[in-house]
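K.L.:
Structure incoming, see below.
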Amino acid sequence: MKSYKINRNDAGQRVDKFITKAVPKLPQSLMYKYIRIKRIKLNHARCEISTRLNEGDILELYINDEFFEEPSENDFLLVSSKIEIVYEDENLLIVDKPCGLVVHEDDENTIDTLINRIKKYLYEKGEYNPEEEASFAPSLCNRLDRNTEGLVICAKNAESLRILNLAVKERRIRKKYLCTVIGEPMPTEATIKAYLTKNEAENTVRIYDKPVNSAKEIITGYRVLSTNGDLSLCEIDLITGRTHQIRAHMAHIGHPVLGDGKYGMGDINRKYSVKTQALQAHSLKFELGDISGSLAYLDGKEFVAKPAWFQEKFFPDYK
């Protein structure tokens, strides 16, 4: 038998959802059976799969030990806790991710990830202890490619994660990017629309001007901030957020991101000795409105990253 005391991060979940996260080895069919025959109890009494958990509840599971996972090593303790914090409060962190750092473990099982660095940072502060959490861990609310730098949001608790995930889904967090592109887009300011398909096997996308089967609509706003003719510094308003959208869409109109190895121009990249994409998630503005809940204090606030490396290198006079 094992019991769980429901904490703040566990509260509000259905019994079955909590058990699925806390005891992933337990098959759902058995879970439903054990709830029915009272081998899973809530506060020493029978419960339903749809019962909502409250903070302080005691959930008891009278099931075989084989279903409980052995304590695992906390790999996040092996990485650096170095992160660049743009904003932090009791509910969330906004960090400035450097180029070259992956956000989550990848196909190569990289341990040194942004989320692991954040977990270690919070662990060292005493704000996160995996041994005290059955179903929650600090979680990123937006993602960036390994070679894109800039702002990433991390929720520190379940309530904030719920609100922020909904905000991302409903586009209540306005994201703007900076990039250096090859040439000068004309007109110098526009909102462009196209259609994107993804090749999962090759991790690439293709852009079309007209709808095709399985394609998703993409909308990208851009504005040229500065140009020297060969290169332009652009602000990108990411209206839809599809895989590789900025890189592929700008390449599609003839102005690929400098340094982009997938959609760019190798000869120009070599000319400027740039081996990584000149792209930064530059700013985040919260427009939460009626979904703000406990994060209402963030509504209307904007957070901005430090100047991008490519801005300082190619457009040092632009402020």
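Order determines the names: the first chain of the structure tokens is A, the second B, and so forth; residues in each chain are numbered 1 upward, and ligands are numbered 1 upward as they are shown.
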Hey, which bits of region 96-179 of chain A sit within 6 Å of region 273-280 of chain A, and for each residue what's the closest pair of atoms and how far apart in Å (one decimal), counting only C-alpha atoms, rows by chain and increasing number, as CSV?

P.N.:
residue,atom,partner,partner_atom,distance
A:Thr148,CA,A:Leu279,CA,5.5
A:Glu149,CA,A:Gln280,CA,4.8
A:Gly150,CA,A:Gln280,CA,5.1
A:Tyr177,CA,A:Gln280,CA,5.5
A:Leu178,CA,A:Gln280,CA,5.2
A:Cys179,CA,A:Leu279,CA,4.4

K.L.:
Just want the 9 Å neighbourhood of region 140-146 of chain A, counted on only C-alpha atoms, with same-chain residues fewer than 6 positions away dropped. Output as a VMD selection string.

P.N.:
chain A and resid 97 to 104 114 to 115 152 to 155 161 164 to 165 168 244 281

K.L.:
When you draw a straight line from CA of Asp267 (chain A) to CA of Val181 (chain A), how long is it in Å?

P.N.:
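Value for the CA of Asp267 (chain A)-CA of Val181 (chain A) distance: 13.8 Å.
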
K.L.:
Name all residues at most 6 Å from region 288-290 of chain A (count only C-alpha atoms; drop same-chain ones fewer than 2 positions away) and give them as a PDB file with N, CA, C and O atoms, in the first residue's frame.

P.N.:
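Final output, part.pdb:
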ATOM      1  N   ARG A 172      -2.873  34.374 -26.194  1.00  0.00           N
ATOM      2  CA  ARG A 172      -2.990  35.505 -25.275  1.00  0.00           C
ATOM      3  C   ARG A 172      -1.617  36.013 -24.833  1.00  0.00           C
ATOM      4  O   ARG A 172      -1.535  36.907 -24.001  1.00  0.00           O
ATOM      5  N   PHE A 286       1.878  39.846 -22.142  1.00  0.00           N
ATOM      6  CA  PHE A 286       0.747  39.091 -21.627  1.00  0.00           C
ATOM      7  C   PHE A 286      -0.547  39.857 -21.875  1.00  0.00           C
ATOM      8  O   PHE A 286      -0.697  41.004 -21.444  1.00  0.00           O
ATOM      9  N   SER A 292      -7.005  35.262 -16.801  1.00  0.00           N
ATOM     10  CA  SER A 292      -5.799  35.573 -16.032  1.00  0.00           C
ATOM     11  C   SER A 292      -5.756  34.908 -14.664  1.00  0.00           C
ATOM     12  O   SER A 292      -4.695  34.511 -14.197  1.00  0.00           O
ATOM     13  N   ASP A 299      -1.176  40.830 -16.501  1.00  0.00           N
ATOM     14  CA  ASP A 299      -1.924  41.282 -17.669  1.00  0.00           C
ATOM     15  C   ASP A 299      -1.417  42.643 -18.138  1.00  0.00           C
ATOM     16  O   ASP A 299      -1.343  43.603 -17.375  1.00  0.00           O
TER      17      ASP A 299
END

K.L.:
Using only C-alpha atoms, pick whichever of A:Asp209, A:Glu189, A:Glu124, A:Glu55 has the shortest atom-to-atom distance to Lys82 (chain A).

P.N.:
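So, comparing all the options, the nearest one is A:Glu124.
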
K.L.:
So that I can see what lies close to Ile173 (chain A), please list as JSON, numbers by chain the residues with an atom at most 7 Å from it, counting only C-alpha atoms and leaving out residues fewer than 6 positions away in the same chain.

P.N.:
{"A": [167, 284, 285, 286, 287]}

K.L.:
Emit the selected residues as a PDB file, in the first residue's frame, including all heavy atoms.

P.N.:
ATOM      1  N   ALA A 167      -3.231  30.271 -22.163  1.00  0.00           N
ATOM      2  CA  ALA A 167      -2.879  31.549 -22.789  1.00  0.00           C
ATOM      3  C   ALA A 167      -2.112  31.331 -24.094  1.00  0.00           C
ATOM      4  O   ALA A 167      -2.351  32.016 -25.096  1.00  0.00           O
ATOM      5  CB  ALA A 167      -2.047  32.391 -21.824  1.00  0.00           C
ATOM      6  N   LEU A 284       7.853  39.241 -24.958  1.00  0.00           N
ATOM      7  CA  LEU A 284       6.600  38.571 -24.616  1.00  0.00           C
ATOM      8  C   LEU A 284       5.690  39.588 -23.962  1.00  0.00           C
ATOM      9  O   LEU A 284       6.095  40.291 -23.032  1.00  0.00           O
ATOM     10  CB  LEU A 284       6.840  37.430 -23.616  1.00  0.00           C
ATOM     11  CG  LEU A 284       7.697  36.249 -24.047  1.00  0.00           C
ATOM     12  CD1 LEU A 284       8.063  35.411 -22.824  1.00  0.00           C
ATOM     13  CD2 LEU A 284       6.961  35.400 -25.063  1.00  0.00           C
ATOM     14  N   LYS A 285       4.452  39.674 -24.436  1.00  0.00           N
ATOM     15  CA  LYS A 285       3.484  40.558 -23.812  1.00  0.00           C
ATOM     16  C   LYS A 285       2.263  39.740 -23.410  1.00  0.00           C
ATOM     17  O   LYS A 285       1.681  39.030 -24.226  1.00  0.00           O
ATOM     18  CB  LYS A 285       3.064  41.698 -24.750  1.00  0.00           C
ATOM     19  CG  LYS A 285       2.126  42.700 -24.065  1.00  0.00           C
ATOM     20  CD  LYS A 285       1.826  43.894 -24.947  1.00  0.00           C
ATOM     21  CE  LYS A 285       0.941  44.900 -24.215  1.00  0.00           C
ATOM     22  NZ  LYS A 285       0.631  46.085 -25.049  1.00  0.00           N
ATOM     23  N   PHE A 286       1.878  39.846 -22.142  1.00  0.00           N
ATOM     24  CA  PHE A 286       0.747  39.091 -21.627  1.00  0.00           C
ATOM     25  C   PHE A 286      -0.547  39.857 -21.875  1.00  0.00           C
ATOM     26  O   PHE A 286      -0.697  41.004 -21.444  1.00  0.00           O
ATOM     27  CB  PHE A 286       0.924  38.828 -20.123  1.00  0.00           C
ATOM     28  CG  PHE A 286       2.039  37.869 -19.816  1.00  0.00           C
ATOM     29  CD1 PHE A 286       3.347  38.315 -19.677  1.00  0.00           C
ATOM     30  CD2 PHE A 286       1.788  36.513 -19.684  1.00  0.00           C
ATOM     31  CE1 PHE A 286       4.378  37.427 -19.403  1.00  0.00           C
ATOM     32  CE2 PHE A 286       2.810  35.617 -19.409  1.00  0.00           C
ATOM     33  CZ  PHE A 286       4.107  36.073 -19.267  1.00  0.00           C
ATOM     34  N   GLU A 287      -1.469  39.209 -22.580  1.00  0.00           N
ATOM     35  CA  GLU A 287      -2.792  39.772 -22.857  1.00  0.00           C
ATOM     36  C   GLU A 287      -3.827  38.747 -22.389  1.00  0.00           C
ATOM     37  O   GLU A 287      -4.602  38.207 -23.172  1.00  0.00           O
ATOM     38  CB  GLU A 287      -2.911  40.080 -24.353  1.00  0.00           C
ATOM     39  CG  GLU A 287      -1.867  41.090 -24.837  1.00  0.00           C
ATOM     40  CD  GLU A 287      -1.865  41.295 -26.341  1.00  0.00           C
ATOM     41  OE1 GLU A 287      -2.426  40.441 -27.059  1.00  0.00           O
ATOM     42  OE2 GLU A 287      -1.309  42.316 -26.799  1.00  0.00           O
TER      43      GLU A 287
END

K.L.:
Could you tell me how far CA of Pro24 (chain A) lies from CA of Glu66 (chain A), in Å and to one decimal?

P.N.:
11.3 Å

K.L.:
Between A:Gln245, A:Thr227, A:Ser283, A:Asn269, which one has atoms that come closest to Asp317 (chain A), using only C-alpha atoms?

P.N.:
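Of all the options, A:Thr227 lies closest to Asp317 (chain A).
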
K.L.:
I'd like to know which of A:Glu184, A:Asp65, A:Asp16, A:Glu202 is closest to Thr51 (chain A), using only C-alpha atoms.

P.N.:
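The answer is A:Asp16, which sits nearest to Thr51 (chain A).
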
K.L.:
Write out as a PyMOL selection string the set of residues from region 26-83 of chain A that DSSP, computed on the backbone, places in alpha helix (DSSP H).

P.N.:
chain A and resi 28-36

K.L.:
Those residues you just picked out, can you put them in a file as a PDB file, in the first residue's frame with N, CA and C atoms?

P.N.:
ATOM      1  N   GLN A  28      -4.602   1.445 -17.123  1.00  0.00           N
ATOM      2  CA  GLN A  28      -5.862   2.137 -16.848  1.00  0.00           C
ATOM      3  C   GLN A  28      -6.982   1.157 -16.512  1.00  0.00           C
ATOM      4  N   SER A  29      -7.008   0.021 -17.194  1.00  0.00           N
ATOM      5  CA  SER A  29      -8.070  -0.952 -16.916  1.00  0.00           C
ATOM      6  C   SER A  29      -8.027  -1.428 -15.464  1.00  0.00           C
ATOM      7  N   LEU A  30      -6.811  -1.659 -14.965  1.00  0.00           N
ATOM      8  CA  LEU A  30      -6.667  -2.072 -13.563  1.00  0.00           C
ATOM      9  C   LEU A  30      -7.018  -0.933 -12.614  1.00  0.00           C
ATOM     10  N   MET A  31      -6.613   0.286 -12.996  1.00  0.00           N
ATOM     11  CA  MET A  31      -6.931   1.433 -12.147  1.00  0.00           C
ATOM     12  C   MET A  31      -8.440   1.564 -11.956  1.00  0.00           C
ATOM     13  N   TYR A  32      -9.192   1.465 -13.055  1.00  0.00           N
ATOM     14  CA  TYR A  32     -10.648   1.587 -12.950  1.00  0.00           C
ATOM     15  C   TYR A  32     -11.232   0.448 -12.118  1.00  0.00           C
ATOM     16  N   LYS A  33     -10.673  -0.751 -12.277  1.00  0.00           N
ATOM     17  CA  LYS A  33     -11.143  -1.895 -11.484  1.00  0.00           C
ATOM     18  C   LYS A  33     -10.857  -1.670 -10.004  1.00  0.00           C
ATOM     19  N   TYR A  34      -9.644  -1.216  -9.682  1.00  0.00           N
ATOM     20  CA  TYR A  34      -9.274  -1.024  -8.278  1.00  0.00           C
ATOM     21  C   TYR A  34     -10.082   0.085  -7.612  1.00  0.00           C
ATOM     22  N   ILE A  35     -10.441   1.101  -8.397  1.00  0.00           N
ATOM     23  CA  ILE A  35     -11.327   2.137  -7.838  1.00  0.00           C
ATOM     24  C   ILE A  35     -12.698   1.535  -7.558  1.00  0.00           C
ATOM     25  N   ARG A  36     -13.178   0.712  -8.479  1.00  0.00           N
ATOM     26  CA  ARG A  36     -14.505   0.103  -8.330  1.00  0.00           C
ATOM     27  C   ARG A  36     -14.578  -0.842  -7.127  1.00  0.00           C
TER      28      ARG A  36
END

K.L.:
List as an mmCIF file with C-alpha atoms, in the first residue's frame the protein and nucleic acid residues near region 5-13 of chain A, meaning an atom at most 12 Å away when only C-alpha atoms are counted, but skip any in the same chain fewer than 6 places from it.

P.N.:
data_model
loop_
_atom_site.group_PDB
_atom_site.id
_atom_site.type_symbol
_atom_site.label_atom_id
_atom_site.label_comp_id
_atom_site.auth_asym_id
_atom_site.auth_seq_id
_atom_site.Cartn_x
_atom_site.Cartn_y
_atom_site.Cartn_z
ATOM 1 C CA ILE A 19 -3.031 8.333 -10.630
ATOM 2 C CA THR A 20 -2.030 8.200 -14.311
ATOM 3 C CA LYS A 21 0.767 10.691 -13.577
ATOM 4 C CA ALA A 22 1.764 9.381 -10.141
ATOM 5 C CA LEU A 42 -9.883 8.720 -0.980
ATOM 6 C CA ASN A 43 -9.877 9.830 2.655
ATOM 7 C CA ILE A 49 -12.696 8.280 -11.177
ATOM 8 C CA SER A 50 -14.125 11.765 -11.710
ATOM 9 C CA THR A 51 -13.786 12.873 -8.073
ATOM 10 C CA ARG A 52 -11.772 16.091 -7.827
ATOM 11 C CA LEU A 53 -8.886 16.130 -5.375
ATOM 12 C CA ASN A 54 -8.584 18.818 -2.706
ATOM 13 C CA GLU A 55 -5.442 19.970 -0.935
ATOM 14 C CA GLY A 56 -4.914 17.835 2.168
ATOM 15 C CA ASP A 57 -6.807 14.788 0.847
ATOM 16 C CA ILE A 58 -5.276 11.356 1.409
ATOM 17 C CA LEU A 59 -5.336 8.960 -1.542
ATOM 18 C CA GLU A 60 -4.579 5.327 -0.623
ATOM 19 C CA LEU A 61 -3.610 2.714 -3.198
ATOM 20 C CA ASN A 91 4.434 31.502 -9.909
ATOM 21 C CA TYR A 128 11.211 22.396 -5.866
ATOM 22 C CA PRO A 130 10.687 16.026 -6.671
ATOM 23 C CA GLU A 132 7.438 15.977 -2.453
ATOM 24 C CA GLU A 133 5.664 16.070 -5.820
ATOM 25 C CA ALA A 134 3.606 13.150 -7.110
ATOM 26 C CA SER A 135 2.267 14.655 -10.328
ATOM 27 C CA PHE A 136 3.938 18.016 -10.994
ATOM 28 C CA ALA A 137 7.332 19.317 -12.036
ATOM 29 C CA PRO A 138 8.299 22.823 -13.192
ATOM 30 C CA ALA A 155 5.568 27.642 -14.628
ATOM 31 C CA LYS A 156 6.473 26.893 -11.013
ATOM 32 C CA ASN A 157 3.123 25.429 -9.983
ATOM 33 C CA ALA A 158 0.177 23.602 -11.515
ATOM 34 C CA GLU A 159 -2.262 26.525 -11.419
ATOM 35 C CA SER A 160 0.148 28.802 -13.268
ATOM 36 C CA LEU A 161 0.888 26.070 -15.793
ATOM 37 C CA ARG A 162 -2.820 25.648 -16.510
#

K.L.:
Within 9 Å of Pro185 (chain A), counting only C-alpha atoms, which residues qualify if same-chain residues fewer than 6 places away don't, as a list in words?

P.N.:
Tyr222, Arg223, Val224, Ser232, Met250, Ile253, Gly254 and His255 of chain A

K.L.:
Just to be explicit: take each residue in the selection above, keep all heavy atoms, and write the result as a compact mmCIF listing (two decimals), in the first residue's frame.

P.N.:
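Writing done, so here's selection03.txt:
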# COMPACT_ATOMS: atom_id res chain seq x y z
N TYR A 222 6.06 41.03 -40.45
CA TYR A 222 7.46 41.44 -40.35
C TYR A 222 7.57 42.94 -40.56
O TYR A 222 6.74 43.57 -41.21
CB TYR A 222 8.35 40.69 -41.35
CG TYR A 222 8.19 41.12 -42.80
CD1 TYR A 222 8.84 42.25 -43.30
CD2 TYR A 222 7.37 40.40 -43.67
CE1 TYR A 222 8.68 42.65 -44.62
CE2 TYR A 222 7.21 40.80 -45.00
CZ TYR A 222 7.87 41.92 -45.47
OH TYR A 222 7.71 42.33 -46.77
N ARG A 223 8.63 43.50 -40.00
CA ARG A 223 8.92 44.93 -40.17
C ARG A 223 10.44 45.10 -40.22
O ARG A 223 11.14 44.64 -39.31
CB ARG A 223 8.33 45.74 -39.02
CG ARG A 223 8.57 47.24 -39.10
CD ARG A 223 7.65 47.98 -38.13
NE ARG A 223 7.92 47.65 -36.74
CZ ARG A 223 8.65 48.40 -35.92
NH1 ARG A 223 9.21 49.53 -36.35
NH2 ARG A 223 8.83 48.03 -34.66
N VAL A 224 10.94 45.75 -41.26
CA VAL A 224 12.37 46.00 -41.37
C VAL A 224 12.75 47.15 -40.45
O VAL A 224 12.22 48.26 -40.57
CB VAL A 224 12.77 46.32 -42.83
CG1 VAL A 224 14.26 46.66 -42.90
CG2 VAL A 224 12.46 45.14 -43.74
N SER A 232 19.30 42.66 -43.41
CA SER A 232 18.29 43.51 -42.76
C SER A 232 17.95 42.95 -41.39
O SER A 232 17.84 41.73 -41.21
CB SER A 232 17.01 43.58 -43.61
OG SER A 232 17.26 44.19 -44.86
N MET A 250 10.22 33.24 -44.11
CA MET A 250 11.09 34.28 -44.64
C MET A 250 11.91 33.75 -45.81
O MET A 250 12.14 34.48 -46.80
CB MET A 250 11.99 34.83 -43.54
CG MET A 250 11.24 35.55 -42.42
SD MET A 250 10.13 36.87 -42.98
CE MET A 250 11.31 38.11 -43.55
N ILE A 253 9.83 33.81 -49.07
CA ILE A 253 9.68 35.09 -49.77
C ILE A 253 11.03 35.62 -50.26
O ILE A 253 11.12 36.76 -50.72
CB ILE A 253 8.96 36.15 -48.90
CG1 ILE A 253 9.79 36.52 -47.68
CG2 ILE A 253 7.58 35.66 -48.49
CD1 ILE A 253 9.26 37.73 -46.92
N GLY A 254 12.07 34.78 -50.15
CA GLY A 254 13.36 35.14 -50.73
C GLY A 254 14.33 35.82 -49.79
O GLY A 254 15.37 36.31 -50.24
N HIS A 255 14.03 35.82 -48.50
CA HIS A 255 14.89 36.50 -47.52
C HIS A 255 15.12 35.60 -46.31
O HIS A 255 14.61 35.87 -45.21
CB HIS A 255 14.27 37.84 -47.11
CG HIS A 255 14.08 38.77 -48.26
ND1 HIS A 255 15.10 39.49 -48.82
CD2 HIS A 255 12.96 39.06 -49.00
CE1 HIS A 255 14.64 40.21 -49.83
NE2 HIS A 255 13.35 39.96 -49.96

K.L.:
Using DSSP on the backbone, list every residue of region 32-281 of chain A that comes out as strand (DSSP E), and give them as a ChimeraX atom specification.

P.N.:
/A:40-42,58-61,85-88,92-97,139-140,149-155,173-182,189-199,204-208,216-227,231-238,279-281

K.L.:
So, with only C-alpha atoms as the atoms that count, which of A:Ile63, A:Leu233, A:Leu258, A:Ile163 lies closest to Tyr318 (chain A)?

P.N.:
A:Leu233

K.L.:
May I ask which of the residues A:Val212, A:Leu238, A:Ile182, A:Ala296 is the closest one to Ala251 (chain A), counting only C-alpha atoms?

P.N.:
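Checking each candidate against Ala251 (chain A), we get A:Ile182 as the closest.
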
K.L.:
Report as an NGL selection string all protein, DNA and RNA residues lying within 9 Å of Asp237 (chain A), evaluated on only C-alpha atoms, omitting residues in the same chain fewer than 4 positions from it.

P.N.:
:A and (174-177 or 191 or 219-223)

K.L.:
Got time to write the residues from that selection, all heavy atoms, as a PDB file, in the first residue's frame?

P.N.:
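The resulting file, selection.pdb, is reproduced below:
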ATOM      1  N   ARG A 174       1.559  37.548 -26.609  1.00  0.00           N
ATOM      2  CA  ARG A 174       2.031  38.036 -27.909  1.00  0.00           C
ATOM      3  C   ARG A 174       3.550  37.946 -27.967  1.00  0.00           C
ATOM      4  O   ARG A 174       4.249  38.539 -27.132  1.00  0.00           O
ATOM      5  CB  ARG A 174       1.571  39.471 -28.143  1.00  0.00           C
ATOM      6  CG  ARG A 174       1.843  39.950 -29.564  1.00  0.00           C
ATOM      7  CD  ARG A 174       1.107  41.224 -29.869  1.00  0.00           C
ATOM      8  NE  ARG A 174       1.270  41.610 -31.267  1.00  0.00           N
ATOM      9  CZ  ARG A 174       0.709  42.694 -31.801  1.00  0.00           C
ATOM     10  NH1 ARG A 174      -0.043  43.480 -31.050  1.00  0.00           N
ATOM     11  NH2 ARG A 174       0.910  42.985 -33.072  1.00  0.00           N
ATOM     12  N   LYS A 175       4.046  37.192 -28.938  1.00  0.00           N
ATOM     13  CA  LYS A 175       5.485  36.942 -29.046  1.00  0.00           C
ATOM     14  C   LYS A 175       6.050  37.663 -30.265  1.00  0.00           C
ATOM     15  O   LYS A 175       5.509  37.534 -31.363  1.00  0.00           O
ATOM     16  CB  LYS A 175       5.747  35.440 -29.156  1.00  0.00           C
ATOM     17  CG  LYS A 175       5.347  34.657 -27.920  1.00  0.00           C
ATOM     18  CD  LYS A 175       5.489  33.158 -28.110  1.00  0.00           C
ATOM     19  CE  LYS A 175       4.306  32.600 -28.867  1.00  0.00           C
ATOM     20  NZ  LYS A 175       4.305  31.114 -28.897  1.00  0.00           N
ATOM     21  N   LYS A 176       7.125  38.382 -30.045  1.00  0.00           N
ATOM     22  CA  LYS A 176       7.820  39.023 -31.154  1.00  0.00           C
ATOM     23  C   LYS A 176       9.275  38.569 -31.172  1.00  0.00           C
ATOM     24  O   LYS A 176       9.874  38.330 -30.131  1.00  0.00           O
ATOM     25  CB  LYS A 176       7.734  40.549 -31.061  1.00  0.00           C
ATOM     26  CG  LYS A 176       6.321  41.078 -31.320  1.00  0.00           C
ATOM     27  CD  LYS A 176       6.296  42.575 -31.500  1.00  0.00           C
ATOM     28  CE  LYS A 176       4.879  43.061 -31.844  1.00  0.00           C
ATOM     29  NZ  LYS A 176       4.824  44.512 -32.072  1.00  0.00           N
ATOM     30  N   TYR A 177       9.791  38.455 -32.388  1.00  0.00           N
ATOM     31  CA  TYR A 177      11.142  37.964 -32.591  1.00  0.00           C
ATOM     32  C   TYR A 177      11.967  39.018 -33.323  1.00  0.00           C
ATOM     33  O   TYR A 177      11.425  39.889 -34.000  1.00  0.00           O
ATOM     34  CB  TYR A 177      11.126  36.689 -33.433  1.00  0.00           C
ATOM     35  CG  TYR A 177      10.558  35.477 -32.727  1.00  0.00           C
ATOM     36  CD1 TYR A 177       9.205  35.393 -32.433  1.00  0.00           C
ATOM     37  CD2 TYR A 177      11.370  34.408 -32.373  1.00  0.00           C
ATOM     38  CE1 TYR A 177       8.672  34.275 -31.793  1.00  0.00           C
ATOM     39  CE2 TYR A 177      10.858  33.282 -31.739  1.00  0.00           C
ATOM     40  CZ  TYR A 177       9.504  33.227 -31.451  1.00  0.00           C
ATOM     41  OH  TYR A 177       8.978  32.119 -30.824  1.00  0.00           O
ATOM     42  N   THR A 191       2.135  41.861 -43.488  1.00  0.00           N
ATOM     43  CA  THR A 191       1.652  40.639 -42.851  1.00  0.00           C
ATOM     44  C   THR A 191       1.385  39.647 -43.968  1.00  0.00           C
ATOM     45  O   THR A 191       0.585  39.926 -44.868  1.00  0.00           O
ATOM     46  CB  THR A 191       0.362  40.892 -42.049  1.00  0.00           C
ATOM     47  OG1 THR A 191       0.643  41.829 -41.001  1.00  0.00           O
ATOM     48  CG2 THR A 191      -0.156  39.599 -41.429  1.00  0.00           C
ATOM     49  N   ILE A 219       0.571  32.684 -40.524  1.00  0.00           N
ATOM     50  CA  ILE A 219       0.512  34.141 -40.705  1.00  0.00           C
ATOM     51  C   ILE A 219       1.702  34.741 -39.966  1.00  0.00           C
ATOM     52  O   ILE A 219       1.894  34.495 -38.771  1.00  0.00           O
ATOM     53  CB  ILE A 219      -0.801  34.732 -40.168  1.00  0.00           C
ATOM     54  CG1 ILE A 219      -2.014  34.057 -40.817  1.00  0.00           C
ATOM     55  CG2 ILE A 219      -0.849  36.239 -40.421  1.00  0.00           C
ATOM     56  CD1 ILE A 219      -3.344  34.482 -40.230  1.00  0.00           C
ATOM     57  N   THR A 220       2.487  35.519 -40.683  1.00  0.00           N
ATOM     58  CA  THR A 220       3.698  36.111 -40.135  1.00  0.00           C
ATOM     59  C   THR A 220       3.714  37.602 -40.457  1.00  0.00           C
ATOM     60  O   THR A 220       3.570  37.983 -41.622  1.00  0.00           O
ATOM     61  CB  THR A 220       4.954  35.460 -40.747  1.00  0.00           C
ATOM     62  OG1 THR A 220       4.868  34.033 -40.633  1.00  0.00           O
ATOM     63  CG2 THR A 220       6.220  35.944 -40.054  1.00  0.00           C
ATOM     64  N   GLY A 221       3.892  38.418 -39.437  1.00  0.00           N
ATOM     65  CA  GLY A 221       4.083  39.842 -39.666  1.00  0.00           C
ATOM     66  C   GLY A 221       5.570  40.172 -39.575  1.00  0.00           C
ATOM     67  O   GLY A 221       6.276  39.627 -38.729  1.00  0.00           O
ATOM     68  N   TYR A 222       6.056  41.030 -40.449  1.00  0.00           N
ATOM     69  CA  TYR A 222       7.463  41.444 -40.349  1.00  0.00           C
ATOM     70  C   TYR A 222       7.573  42.944 -40.565  1.00  0.00           C
ATOM     71  O   TYR A 222       6.735  43.569 -41.209  1.00  0.00           O
ATOM     72  CB  TYR A 222       8.351  40.692 -41.354  1.00  0.00           C
ATOM     73  CG  TYR A 222       8.186  41.118 -42.798  1.00  0.00           C
ATOM     74  CD1 TYR A 222       8.839  42.251 -43.301  1.00  0.00           C
ATOM     75  CD2 TYR A 222       7.370  40.402 -43.674  1.00  0.00           C
ATOM     76  CE1 TYR A 222       8.677  42.651 -44.619  1.00  0.00           C
ATOM     77  CE2 TYR A 222       7.209  40.796 -45.001  1.00  0.00           C
ATOM     78  CZ  TYR A 222       7.874  41.923 -45.465  1.00  0.00           C
ATOM     79  OH  TYR A 222       7.710  42.332 -46.766  1.00  0.00           O
ATOM     80  N   ARG A 223       8.632  43.501 -40.004  1.00  0.00           N
ATOM     81  CA  ARG A 223       8.923  44.929 -40.174  1.00  0.00           C
ATOM     82  C   ARG A 223      10.436  45.101 -40.220  1.00  0.00           C
ATOM     83  O   ARG A 223      11.141  44.638 -39.314  1.00  0.00           O
ATOM     84  CB  ARG A 223       8.327  45.737 -39.024  1.00  0.00           C
ATOM     85  CG  ARG A 223       8.573  47.240 -39.097  1.00  0.00           C
ATOM     86  CD  ARG A 223       7.650  47.981 -38.131  1.00  0.00           C
ATOM     87  NE  ARG A 223       7.915  47.647 -36.742  1.00  0.00           N
ATOM     88  CZ  ARG A 223       8.655  48.403 -35.917  1.00  0.00           C
ATOM     89  NH1 ARG A 223       9.210  49.531 -36.352  1.00  0.00           N
ATOM     90  NH2 ARG A 223       8.830  48.034 -34.662  1.00  0.00           N
TER      91      ARG A 223
END

K.L.:
Rounded to one decimal, what separation in Å do you get between CA of Gly259 (chain A) and CA of Tyr272 (chain A)?

P.N.:
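Going from CA of Gly259 (chain A) over to CA of Tyr272 (chain A), I get 8.6 Å.
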
K.L.:
When you count only C-alpha atoms, which of these residues is closest to Phe67 (chain A): A:Val23, A:Ala215, A:Ile239, A:Ile291?

P.N.:
A:Val23
